[in-house]
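Structure file my_file-v2.pdb (PDB, C-alpha atoms) follows.
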MODEL        1
ATOM      1  CA  MET A   1     -33.246  28.637  19.204
ATOM      2  CA  SER A   2     -34.096  25.727  16.895
ATOM      3  CA  ASP A   3     -31.606  24.230  14.417
ATOM      4  CA  SER A   4     -33.362  24.257  11.076
ATOM      5  CA  ARG A   5     -30.497  22.648   9.092
ATOM      6  CA  ASP A   6     -31.089  19.190   7.667
ATOM      7  CA  PRO A   7     -29.610  16.197   9.553
ATOM      8  CA  ASP A   8     -26.879  15.600   6.952
ATOM      9  CA  GLU A   9     -25.627  19.136   7.337
ATOM     10  CA  ARG A  10     -25.563  18.749  11.108
ATOM     11  CA  VAL A  11     -23.594  15.490  10.874
ATOM     12  CA  LEU A  12     -21.128  17.099   8.484
ATOM     13  CA  GLU A  13     -20.723  20.072  10.762
ATOM     14  CA  ARG A  14     -19.958  17.763  13.698
ATOM     15  CA  MET A  15     -17.493  15.796  11.580
ATOM     16  CA  ARG A  16     -15.653  18.947  10.580
ATOM     17  CA  GLU A  17     -15.449  19.988  14.227
ATOM     18  CA  LEU A  18     -14.308  16.642  15.568
ATOM     19  CA  TYR A  19     -12.279  15.097  12.818
ATOM     20  CA  ARG A  20      -9.358  17.444  12.517
ATOM     21  CA  PRO A  21      -5.931  17.772  14.046
ATOM     22  CA  GLU A  22      -5.145  20.475  16.517
ATOM     23  CA  PRO A  23      -3.939  23.631  14.799
ATOM     24  CA  MET A  24      -0.165  23.738  14.518
ATOM     25  CA  SER A  25       1.523  25.588  17.327
ATOM     26  CA  PRO A  26       4.143  28.228  16.482
ATOM     27  CA  SER A  27       6.891  25.815  17.562
ATOM     28  CA  GLY A  28       5.238  23.074  15.473
ATOM     29  CA  ARG A  29       5.357  25.360  12.434
ATOM     30  CA  VAL A  30       9.016  26.109  13.019
ATOM     31  CA  ALA A  31       9.785  22.398  13.354
ATOM     32  CA  PHE A  32       7.795  21.632  10.209
ATOM     33  CA  ASP A  33       9.620  24.321   8.211
ATOM     34  CA  ALA A  34      13.003  23.180   9.494
ATOM     35  CA  ALA A  35      12.316  19.557   8.589
ATOM     36  CA  LEU A  36      11.042  20.574   5.164
ATOM     37  CA  ARG A  37      14.070  22.780   4.523
ATOM     38  CA  ALA A  38      16.368  19.933   5.504
ATOM     39  CA  ARG A  39      14.609  17.653   3.026
ATOM     40  CA  LEU A  40      14.739  20.224   0.262
ATOM     41  CA  GLU A  41      18.412  20.937   0.786
ATOM     42  CA  SER A  42      19.469  17.339   1.162
ATOM     43  CA  PRO A  43      20.890  15.925  -2.061
ATOM     44  CA  TRP A  44      19.741  12.574  -0.808
ATOM     45  CA  THR A  45      16.024  13.215  -0.609
ATOM     46  CA  ARG A  46      13.594  10.401  -0.152
ATOM     47  CA  ALA A  47      12.330  10.732  -3.722
ATOM     48  CA  ARG A  48      15.870  10.508  -5.070
ATOM     49  CA  ARG A  49      16.625   7.619  -2.774
ATOM     50  CA  LEU A  50      13.552   5.803  -4.067
ATOM     51  CA  ARG A  51      14.565   6.484  -7.671
ATOM     52  CA  LEU A  52      17.892   4.806  -7.036
ATOM     53  CA  ILE A  53      16.728   2.013  -4.797
ATOM     54  CA  ALA A  54      13.644   1.008  -6.783
ATOM     55  CA  PRO A  55      15.536  -0.348  -9.848
ATOM     56  CA  ALA A  56      17.951  -2.215  -7.575
ATOM     57  CA  VAL A  57      15.095  -3.827  -5.681
ATOM     58  CA  ALA A  58      13.315  -4.636  -8.953
ATOM     59  CA  GLY A  59      16.472  -6.310 -10.278
ATOM     60  CA  LEU A  60      16.889  -8.319  -7.109
ATOM     61  CA  VAL A  61      13.266  -9.463  -7.197
ATOM     62  CA  ALA A  62      13.592 -10.408 -10.877
ATOM     63  CA  GLY A  63      16.746 -12.393 -10.091
ATOM     64  CA  ILE A  64      15.063 -14.280  -7.271
ATOM     65  CA  ALA A  65      12.015 -14.961  -9.454
ATOM     66  CA  LEU A  66      14.244 -16.297 -12.244
ATOM     67  CA  TRP A  67      16.115 -18.490  -9.811
ATOM     68  CA  LEU A  68      12.849 -19.860  -8.425
ATOM     69  CA  VAL A  69      11.505 -20.582 -11.901
ATOM     70  CA  MET A  70      14.715 -22.349 -12.921
ATOM     71  CA  SER A  71      14.706 -24.458  -9.798
ATOM     72  CA  LEU A  72      11.156 -25.724 -10.279
ATOM     73  CA  PRO A  73      10.827 -29.401 -11.240
ATOM     74  CA  GLY A  74      10.336 -29.809 -14.970
ATOM     75  CA  THR A  75      12.223 -26.635 -15.740
ATOM     76  CA  ALA A  76      15.658 -28.068 -15.033
ATOM     77  CA  PRO A  77      18.272 -27.357 -17.687
ATOM     78  CA  THR A  78      18.575 -29.900 -20.501
ATOM     79  CA  PRO A  79      21.401 -32.380 -19.984
ATOM     80  CA  GLY A  80      24.659 -31.022 -21.162
ATOM     81  CA  PHE A  81      28.301 -31.981 -20.817
ATOM     82  CA  GLY A  82      28.790 -34.766 -18.375
ATOM     83  CA  VAL A  83      25.103 -35.212 -17.671
ATOM     84  CA  ALA A  84      23.679 -38.652 -18.379
ATOM     85  CA  HIS A  85      20.519 -38.670 -20.446
ATOM     86  CA  GLY A  86      18.493 -41.373 -18.775
ATOM     87  CA  THR A  87      18.840 -41.538 -15.074
ATOM     88  CA  THR A  88      16.481 -44.439 -14.431
ATOM     89  CA  SER A  89      17.782 -47.963 -14.474
ATOM     90  CA  PRO A  90      16.651 -50.231 -17.320
ATOM     91  CA  THR A  91      14.257 -53.058 -16.574
ATOM     92  CA  ALA A  92      14.823 -56.612 -17.752
ATOM     93  CA  GLU A  93      12.013 -56.334 -20.301
ATOM     94  CA  SER A  94      13.417 -53.211 -21.874
ATOM     95  CA  LEU A  95      16.893 -54.592 -22.512
ATOM     96  CA  THR A  96      18.217 -55.590 -25.922
ATOM     97  CA  PRO A  97      20.137 -58.893 -26.022
ATOM     98  CA  GLN A  98      23.475 -57.005 -25.961
ATOM     99  CA  ALA A  99      22.404 -54.873 -23.088
ATOM    100  CA  TRP A 100      21.107 -57.926 -21.310
ATOM    101  CA  ASP A 101      24.586 -59.460 -21.466
ATOM    102  CA  TYR A 102      26.032 -56.303 -19.979
ATOM    103  CA  ALA A 103      23.381 -56.243 -17.301
ATOM    104  CA  VAL A 104      24.110 -59.786 -16.375
ATOM    105  CA  LEU A 105      27.771 -58.984 -16.039
ATOM    106  CA  ILE A 106      27.021 -55.939 -13.913
ATOM    107  CA  PRO A 107      23.845 -56.977 -12.155
ATOM    108  CA  SER A 108      23.541 -53.874 -10.038
ATOM    109  CA  GLU A 109      22.654 -51.973 -13.216
ATOM    110  CA  LEU A 110      19.432 -53.938 -13.372
ATOM    111  CA  GLU A 111      16.497 -52.352 -11.604
ATOM    112  CA  GLY A 112      15.545 -54.304  -8.526
ATOM    113  CA  TRP A 113      18.953 -55.868  -8.099
ATOM    114  CA  SER A 114      19.278 -56.465  -4.401
ATOM    115  CA  GLY A 115      22.814 -57.658  -4.370
ATOM    116  CA  ASP A 116      22.026 -61.177  -3.338
ATOM    117  CA  THR A 117      23.959 -63.814  -5.172
ATOM    118  CA  GLU A 118      21.113 -66.224  -5.801
ATOM    119  CA  GLN A 119      20.745 -64.997  -9.382
ATOM    120  CA  MET A 120      24.486 -65.098  -9.845
ATOM    121  CA  ASP A 121      24.509 -68.710  -8.809
ATOM    122  CA  GLU A 122      22.150 -69.546 -11.674
ATOM    123  CA  LEU A 123      24.629 -68.272 -14.227
ATOM    124  CA  PRO A 124      26.910 -70.640 -16.127
ATOM    125  CA  GLU A 125      30.308 -71.007 -14.569
ATOM    126  CA  GLU A 126      32.190 -69.366 -17.425
ATOM    127  CA  TYR A 127      30.107 -66.201 -17.056
ATOM    128  CA  LEU A 128      30.868 -66.108 -13.356
ATOM    129  CA  ALA A 129      34.552 -66.591 -13.997
ATOM    130  CA  LEU A 130      34.549 -63.828 -16.578
ATOM    131  CA  ALA A 131      32.653 -61.493 -14.290
ATOM    132  CA  SER A 132      34.967 -62.075 -11.372
ATOM    133  CA  ALA A 133      38.026 -61.644 -13.642
ATOM    134  CA  ILE A 134      36.802 -58.276 -14.837
ATOM    135  CA  PHE A 135      35.049 -56.837 -11.788
ATOM    136  CA  GLY A 136      36.468 -58.859  -8.947
ATOM    137  CA  ASP A 137      34.203 -60.347  -6.331
ATOM    138  CA  ARG A 138      31.340 -57.878  -6.183
TER     139      ARG A 138
ATOM    140  CA  MET B   1       8.409  28.026 -16.069
ATOM    141  CA  VAL B   2       6.311  29.725 -13.484
ATOM    142  CA  GLN B   3       8.115  31.857 -10.938
ATOM    143  CA  VAL B   4       6.965  30.948  -7.470
ATOM    144  CA  ASP B   5       7.994  32.116  -4.050
ATOM    145  CA  PHE B   6       8.081  28.634  -2.663
ATOM    146  CA  ASP B   7       8.623  29.675   0.968
ATOM    147  CA  ASP B   8       5.549  31.830   0.741
ATOM    148  CA  PHE B   9       3.616  28.996  -0.842
ATOM    149  CA  VAL B  10       4.594  26.653   2.002
ATOM    150  CA  ARG B  11       3.659  29.232   4.637
ATOM    151  CA  THR B  12       0.258  29.731   3.046
ATOM    152  CA  HIS B  13      -0.623  26.074   2.505
ATOM    153  CA  ARG B  14       1.219  24.252   5.262
ATOM    154  CA  GLU B  15      -1.634  24.115   7.749
ATOM    155  CA  ARG B  16      -4.258  22.997   5.296
ATOM    156  CA  ALA B  17      -1.910  20.446   3.735
ATOM    157  CA  VAL B  18      -1.288  18.778   7.098
ATOM    158  CA  ARG B  19      -4.984  18.844   7.972
ATOM    159  CA  LEU B  20      -5.985  17.357   4.597
ATOM    160  CA  ALA B  21      -3.352  14.636   4.897
ATOM    161  CA  TRP B  22      -4.443  13.954   8.488
ATOM    162  CA  ARG B  23      -8.027  13.446   7.371
ATOM    163  CA  LEU B  24      -7.095  11.305   4.387
ATOM    164  CA  ILE B  25      -4.791   8.924   6.217
ATOM    165  CA  GLY B  26      -6.912   8.481   9.307
ATOM    166  CA  GLY B  27      -5.710  10.794  12.012
ATOM    167  CA  ASP B  28      -1.993  10.298  12.498
ATOM    168  CA  GLN B  29      -0.282  13.626  13.150
ATOM    169  CA  ALA B  30       3.316  12.568  12.537
ATOM    170  CA  ALA B  31       2.418  10.699   9.358
ATOM    171  CA  ALA B  32       0.299  13.616   8.146
ATOM    172  CA  GLU B  33       3.230  16.006   8.550
ATOM    173  CA  ASP B  34       5.480  13.534   6.784
ATOM    174  CA  VAL B  35       3.062  13.190   3.872
ATOM    175  CA  ALA B  36       2.655  16.960   3.615
ATOM    176  CA  GLN B  37       6.429  17.459   3.583
ATOM    177  CA  ASP B  38       6.815  14.797   0.916
ATOM    178  CA  ALA B  39       4.221  16.583  -1.178
ATOM    179  CA  PHE B  40       6.036  19.923  -0.789
ATOM    180  CA  VAL B  41       9.348  18.312  -1.730
ATOM    181  CA  ARG B  42       7.824  16.699  -4.823
ATOM    182  CA  ALA B  43       6.117  19.933  -5.792
ATOM    183  CA  TYR B  44       9.398  21.807  -5.398
ATOM    184  CA  GLN B  45      11.265  19.280  -7.511
ATOM    185  CA  GLY B  46       8.551  19.345 -10.154
ATOM    186  CA  LEU B  47       8.186  23.119 -10.376
ATOM    187  CA  GLY B  48      10.204  23.122 -13.574
ATOM    188  CA  ARG B  49       7.581  20.928 -15.209
ATOM    189  CA  PHE B  50       4.637  22.961 -13.936
ATOM    190  CA  ARG B  51       3.282  24.763 -16.982
ATOM    191  CA  GLY B  52       0.777  26.953 -15.239
ATOM    192  CA  ASP B  53      -2.225  25.543 -17.092
ATOM    193  CA  ALA B  54      -3.745  24.663 -13.730
ATOM    194  CA  GLN B  55      -3.603  26.587 -10.504
ATOM    195  CA  LEU B  56      -0.468  25.874  -8.543
ATOM    196  CA  GLU B  57      -2.632  25.138  -5.525
ATOM    197  CA  THR B  58      -4.664  22.530  -7.410
ATOM    198  CA  TRP B  59      -1.501  20.940  -8.753
ATOM    199  CA  PHE B  60       0.004  20.790  -5.262
ATOM    200  CA  HIS B  61      -3.147  19.254  -3.772
ATOM    201  CA  ARG B  62      -3.124  16.645  -6.492
ATOM    202  CA  ILE B  63       0.395  15.661  -5.419
ATOM    203  CA  LEU B  64      -0.665  15.675  -1.777
ATOM    204  CA  VAL B  65      -3.709  13.446  -2.314
ATOM    205  CA  ARG B  66      -1.547  10.991  -4.273
ATOM    206  CA  GLN B  67       1.091  10.987  -1.550
ATOM    207  CA  ALA B  68      -1.582  10.295   1.057
ATOM    208  CA  HIS B  69      -2.812   7.391  -1.025
ATOM    209  CA  ASN B  70       0.724   6.055  -1.402
ATOM    210  CA  TYR B  71       1.166   6.282   2.345
ATOM    211  CA  ARG B  72      -2.066   4.333   2.930
ATOM    212  CA  ARG B  73      -0.933   1.617   0.528
ATOM    213  CA  TRP B  74       2.454   1.366   2.178
ATOM    214  CA  ARG B  75       0.806   1.202   5.619
ATOM    215  CA  ALA B  76      -1.587  -1.528   4.463
ATOM    216  CA  LEU B  77       1.354  -3.509   3.115
ATOM    217  CA  ARG B  78       3.267  -3.050   6.343
ATOM    218  CA  ARG B  79       0.272  -4.290   8.345
ATOM    219  CA  LEU B  80      -0.101  -7.273   6.080
ATOM    220  CA  TRP B  81       3.571  -8.044   6.386
ATOM    221  CA  SER B  82       3.840  -7.634  10.126
ATOM    222  CA  ALA B  83       0.523  -9.404  10.833
ATOM    223  CA  ASP B  84       0.618  -7.505  14.054
ATOM    224  CA  GLU B  85      -2.691  -7.068  15.797
ATOM    225  CA  GLU B  86      -1.698  -3.718  17.170
ATOM    226  CA  ALA B  87      -0.528  -2.502  13.815
ATOM    227  CA  ASP B  88      -3.853  -3.633  12.427
ATOM    228  CA  GLN B  89      -5.573  -0.928  14.369
ATOM    229  CA  LEU B  90      -6.143   2.350  12.652
ATOM    230  CA  ALA B  91      -3.801   5.112  13.552
ATOM    231  CA  ASP B  92      -5.116   6.154  16.877
ATOM    232  CA  PRO B  93      -6.010   9.818  16.797
ATOM    233  CA  ARG B  94      -6.185   9.956  20.584
ATOM    234  CA  GLY B  95      -3.124  12.023  21.135
ATOM    235  CA  ARG B  96      -4.046  15.323  19.557
ATOM    236  CA  GLY B  97      -7.280  16.810  18.379
ATOM    237  CA  PRO B  98     -10.445  18.212  19.778
ATOM    238  CA  GLY B  99     -13.274  16.329  21.440
ATOM    239  CA  ASP B 100     -13.774  12.702  22.352
ATOM    240  CA  PRO B 101     -10.956  10.415  21.126
ATOM    241  CA  ALA B 102     -13.277   7.430  20.840
ATOM    242  CA  LEU B 103     -15.569   9.445  18.621
ATOM    243  CA  ARG B 104     -12.662  10.547  16.449
ATOM    244  CA  ARG B 105     -11.636   6.936  16.089
ATOM    245  CA  ARG B 106     -15.159   6.045  15.096
ATOM    246  CA  LEU B 107     -15.106   8.746  12.427
ATOM    247  CA  ALA B 108     -11.783   7.454  11.155
ATOM    248  CA  ARG B 109     -13.197   3.939  10.875
ATOM    249  CA  ALA B 110     -16.293   5.168   9.076
ATOM    250  CA  LEU B 111     -14.108   6.977   6.526
ATOM    251  CA  GLU B 112     -11.886   3.921   6.239
ATOM    252  CA  ARG B 113     -14.831   1.847   5.066
ATOM    253  CA  LEU B 114     -15.384   4.106   2.047
ATOM    254  CA  THR B 115     -13.735   3.396  -1.275
ATOM    255  CA  ARG B 116     -10.737   5.514  -2.228
ATOM    256  CA  PRO B 117     -12.591   7.954  -4.535
ATOM    257  CA  GLN B 118     -15.507   8.206  -2.107
ATOM    258  CA  ARG B 119     -13.197   9.026   0.783
ATOM    259  CA  GLU B 120     -11.091  11.488  -1.184
ATOM    260  CA  VAL B 121     -13.997  13.420  -2.638
ATOM    261  CA  PHE B 122     -15.808  13.420   0.705
ATOM    262  CA  VAL B 123     -12.814  14.851   2.533
ATOM    263  CA  LEU B 124     -12.054  17.378  -0.189
ATOM    264  CA  VAL B 125     -15.591  18.681  -0.647
ATOM    265  CA  TYR B 126     -17.436  18.198   2.620
ATOM    266  CA  MET B 127     -14.580  18.580   5.047
ATOM    267  CA  GLU B 128     -12.107  20.870   3.311
ATOM    268  CA  GLY B 129     -14.569  22.998   1.389
ATOM    269  CA  PHE B 130     -13.294  22.384  -2.148
ATOM    270  CA  THR B 131     -15.873  22.897  -4.880
ATOM    271  CA  LEU B 132     -16.812  19.843  -6.919
ATOM    272  CA  ARG B 133     -14.910  21.299  -9.871
ATOM    273  CA  GLU B 134     -11.762  21.825  -7.795
ATOM    274  CA  ALA B 135     -12.052  18.300  -6.408
ATOM    275  CA  ALA B 136     -12.422  16.966  -9.955
ATOM    276  CA  GLN B 137      -9.226  18.777 -10.969
ATOM    277  CA  VAL B 138      -7.360  17.524  -7.923
ATOM    278  CA  MET B 139      -8.481  13.938  -8.414
ATOM    279  CA  GLY B 140      -8.314  13.999 -12.216
ATOM    280  CA  ARG B 141     -11.856  12.679 -12.593
ATOM    281  CA  ALA B 142     -15.073  13.901 -14.164
ATOM    282  CA  GLU B 143     -17.341  16.041 -12.030
ATOM    283  CA  GLY B 144     -20.332  13.775 -12.710
ATOM    284  CA  THR B 145     -18.447  10.723 -11.481
ATOM    285  CA  LEU B 146     -17.377  12.530  -8.350
ATOM    286  CA  LYS B 147     -20.906  13.715  -7.696
ATOM    287  CA  SER B 148     -22.087  10.136  -7.576
ATOM    288  CA  HIS B 149     -19.156   9.131  -5.339
ATOM    289  CA  LEU B 150     -20.052  12.011  -3.056
ATOM    290  CA  GLN B 151     -23.669  10.879  -2.796
ATOM    291  CA  ARG B 152     -22.653   7.297  -2.050
ATOM    292  CA  SER B 153     -20.177   8.371   0.582
ATOM    293  CA  LEU B 154     -22.814  10.494   2.249
ATOM    294  CA  GLN B 155     -25.292   7.598   2.221
ATOM    295  CA  ALA B 156     -22.747   5.276   3.801
ATOM    296  CA  LEU B 157     -21.719   7.779   6.464
ATOM    297  CA  ARG B 158     -25.310   8.729   7.182
ATOM    298  CA  LYS B 159     -25.945   5.125   8.122
ATOM    299  CA  ASP B 160     -22.825   4.926  10.317
ATOM    300  CA  LEU B 161     -22.936   8.317  11.972
ATOM    301  CA  GLN B 162     -26.542   9.424  12.105
ATOM    302  CA  ASP B 163     -26.458   9.680  15.877
ATOM    303  CA  LEU B 164     -23.860  12.446  15.605
ATOM    304  CA  ALA B 165     -26.489  14.933  14.529
ATOM    305  CA  PRO B 166     -27.646  16.751  17.636
ATOM    306  CA  GLU B 167     -31.397  16.713  18.041
ATOM    307  CA  PRO B 168     -32.848  20.030  16.983
ATOM    308  CA  GLU B 169     -34.180  21.900  19.965
ATOM    309  CA  LYS B 170     -37.950  21.750  20.152
ATOM    310  CA  PRO B 171     -39.784  25.020  20.504
ATOM    311  CA  GLU B 172     -41.023  25.523  24.031
ATOM    312  CA  GLU B 173     -44.566  24.359  24.533
ATOM    313  CA  PRO B 174     -47.007  26.828  26.027
ATOM    314  CA  ASN B 175     -47.392  26.385  29.720
ATOM    315  CA  HIS B 176     -50.965  25.329  30.463
ATOM    316  CA  VAL B 177     -51.417  25.918  34.113
TER     317      VAL B 177
ENDMDL
END
Write out the structure in this file as structure tokens.
Amino acid sequence: MSDSRDPDERVLERMRELYRPEPMSPSGRVAFDAALRARLESPWTRARRLRLIAPAVAGLVAGIALWLVMSLPGTAPTPGFGVAHGTTSPTAESLTPQAWDYAVLIPSELEGWSGDTEQMDELPEEYLALASAIFGDR
Amino acid sequence: MVQVDFDDFVRTHRERAVRLAWRLIGGDQAAAEDVAQDAFVRAYQGLGRFRGDAQLETWFHRILVRQAHNYRRWRALRRLWSADEEADQLADPRGRGPGDPALRRRLARALERLTRPQREVFVLVYMEGFTLREAAQVMGRAEGTLKSHLQRSLQALRKDLQDLAPEPEKPEEPNHV
């Protein structure tokens, strides 16, 4: 006998035959019903669990995101109590005459100060005496 | 509120619900049963909101198709997260089902390549026997849109699975002796 159906219909027929699960066995049906009943009777169903857990997870994610954003460079909090405004050391060119005096007295405040005493040796003696009287031998 | 004998409803629709879920998620029996149970639980919990302006069956299948989609999304996420080669395989429908397991896997892969609406309307109409109107109600889309999705899905599958069609038997030629 010839099959007069069009090829699409034959492919679909084969798909319907092949692409399906085995019919549920009687014991499979019983197990399915029992599992479903347990879910329906449980006060702690998955849907309810999700309704409770989802906001908690969302809050946690939001908290982590906020923390990440705050910790990014450039988004650090503005200086407040006890936080110095400029953290970079002044250069010699940027100093006012008063600040220059201070920088000479405390040379390590000057950028590039290496701690060697060659520059100190160039200072007048009275400056050196004053510096050692105030700060000791640094 | 509509009065429903829910046990009776489950008994009537259980088999089809599992089969539909199985086909939508790619042939995993345990997951299909899980999805079907989830859909029944959600339907049961939502019965109070069911106004009866659609058939209960249509409403339930809408929940089921959405649950199957949610399961697929969750599975895709899990695969992405685990980056596990084995998990990257489709659910292997080797364990249970008729015919050649390799062929079933091939069918699952062909369906997997379709878009979501193409796959859903194909399974609903061509495999489960829903009318286009019923499928439109289940999927919440216009019939015309679904018709075009159906045609595209058929084109794509025709290309992938043409060799599945058994050759029509040729009429016997007269014996010239």
Exercise. Please, which residues are within 9 Å of (-9.4, 21.9, -5.5) by the file's coordinates, counting only C-alpha atoms, and could they come as a count of residues only?
Worked result: 19
Seminar exercise, completed: atom CA of A:Tyr19 sits from atom CA of B:Arg104 at a separation of 5.8 Å
Exercise. So what does the PyMOL selection byres ((chain A and resi 25-30) around 12) actually pick up in this one, as a count of residues only?
Worked result: 23
Problem set entry | Result set, the PyMOL selection byres ((chain B and resi 22) around 9) on current file, as a PyMOL selection string | (chain A and resi 20-21) or (chain B and resi 17-21+23-33+35+68)
Written file, previous selection with C-alpha atoms, as a CSV table (one decimal), in the coordinates of the input:
chain,number,residue,atom,x,y,z
A,20,ARG,CA,-9.4,17.4,12.5
A,21,PRO,CA,-5.9,17.8,14.0
B,17,ALA,CA,-1.9,20.4,3.7
B,18,VAL,CA,-1.3,18.8,7.1
B,19,ARG,CA,-5.0,18.8,8.0
B,20,LEU,CA,-6.0,17.4,4.6
B,21,ALA,CA,-3.4,14.6,4.9
B,23,ARG,CA,-8.0,13.4,7.4
B,24,LEU,CA,-7.1,11.3,4.4
B,25,ILE,CA,-4.8,8.9,6.2
B,26,GLY,CA,-6.9,8.5,9.3
B,27,GLY,CA,-5.7,10.8,12.0
B,28,ASP,CA,-2.0,10.3,12.5
B,29,GLN,CA,-0.3,13.6,13.2
B,30,ALA,CA,3.3,12.6,12.5
B,31,ALA,CA,2.4,10.7,9.4
B,32,ALA,CA,0.3,13.6,8.1
B,33,GLU,CA,3.2,16.0,8.6
B,35,VAL,CA,3.1,13.2,3.9
B,68,ALA,CA,-1.6,10.3,1.1
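Here atom CA of B:Arg49 and atom CA of B:Asp5 stand 15.8 Å from one another.
When atom CA of B:Ala54 is paired with atom CA of B:Gly140, their separation reads 11.7 Å.
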With the input short on atoms, add N, CA and C atoms back to stretch 20-31 of chain B and write it as a tab-separated table (two decimals), in the frame of the given file.
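Result went into rebuild-v5.tsv, see below:
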chain	number	residue	atom	x	y	z
B	20	LEU	N	-5.43	18.22	5.66
B	20	LEU	CA	-5.98	17.36	4.60
B	20	LEU	C	-5.34	15.97	4.64
B	21	ALA	N	-4.03	15.93	4.81
B	21	ALA	CA	-3.35	14.64	4.90
B	21	ALA	C	-3.83	13.87	6.12
B	22	TRP	N	-3.97	14.57	7.23
B	22	TRP	CA	-4.44	13.95	8.49
B	22	TRP	C	-5.80	13.29	8.27
B	23	ARG	N	-6.68	13.99	7.59
B	23	ARG	CA	-8.03	13.45	7.37
B	23	ARG	C	-8.00	12.29	6.38
B	24	LEU	N	-7.13	12.37	5.41
B	24	LEU	CA	-7.10	11.30	4.39
B	24	LEU	C	-6.46	10.02	4.91
B	25	ILE	N	-5.48	10.15	5.79
B	25	ILE	CA	-4.79	8.92	6.22
B	25	ILE	C	-5.31	8.38	7.54
B	26	GLY	N	-6.26	9.07	8.14
B	26	GLY	CA	-6.91	8.48	9.31
B	26	GLY	C	-6.39	8.95	10.64
B	27	GLY	N	-5.95	10.19	10.72
B	27	GLY	CA	-5.71	10.79	12.01
B	27	GLY	C	-4.39	10.50	12.67
B	28	ASP	N	-3.32	10.52	11.92
B	28	ASP	CA	-1.99	10.30	12.50
B	28	ASP	C	-1.18	11.57	12.24
B	29	GLN	N	-0.90	12.31	13.31
B	29	GLN	CA	-0.28	13.63	13.15
B	29	GLN	C	1.11	13.55	12.51
B	30	ALA	N	1.94	12.65	13.04
B	30	ALA	CA	3.32	12.57	12.54
B	30	ALA	C	3.32	12.14	11.07
B	31	ALA	N	2.48	11.17	10.75
B	31	ALA	CA	2.42	10.70	9.36
B	31	ALA	C	1.86	11.78	8.45
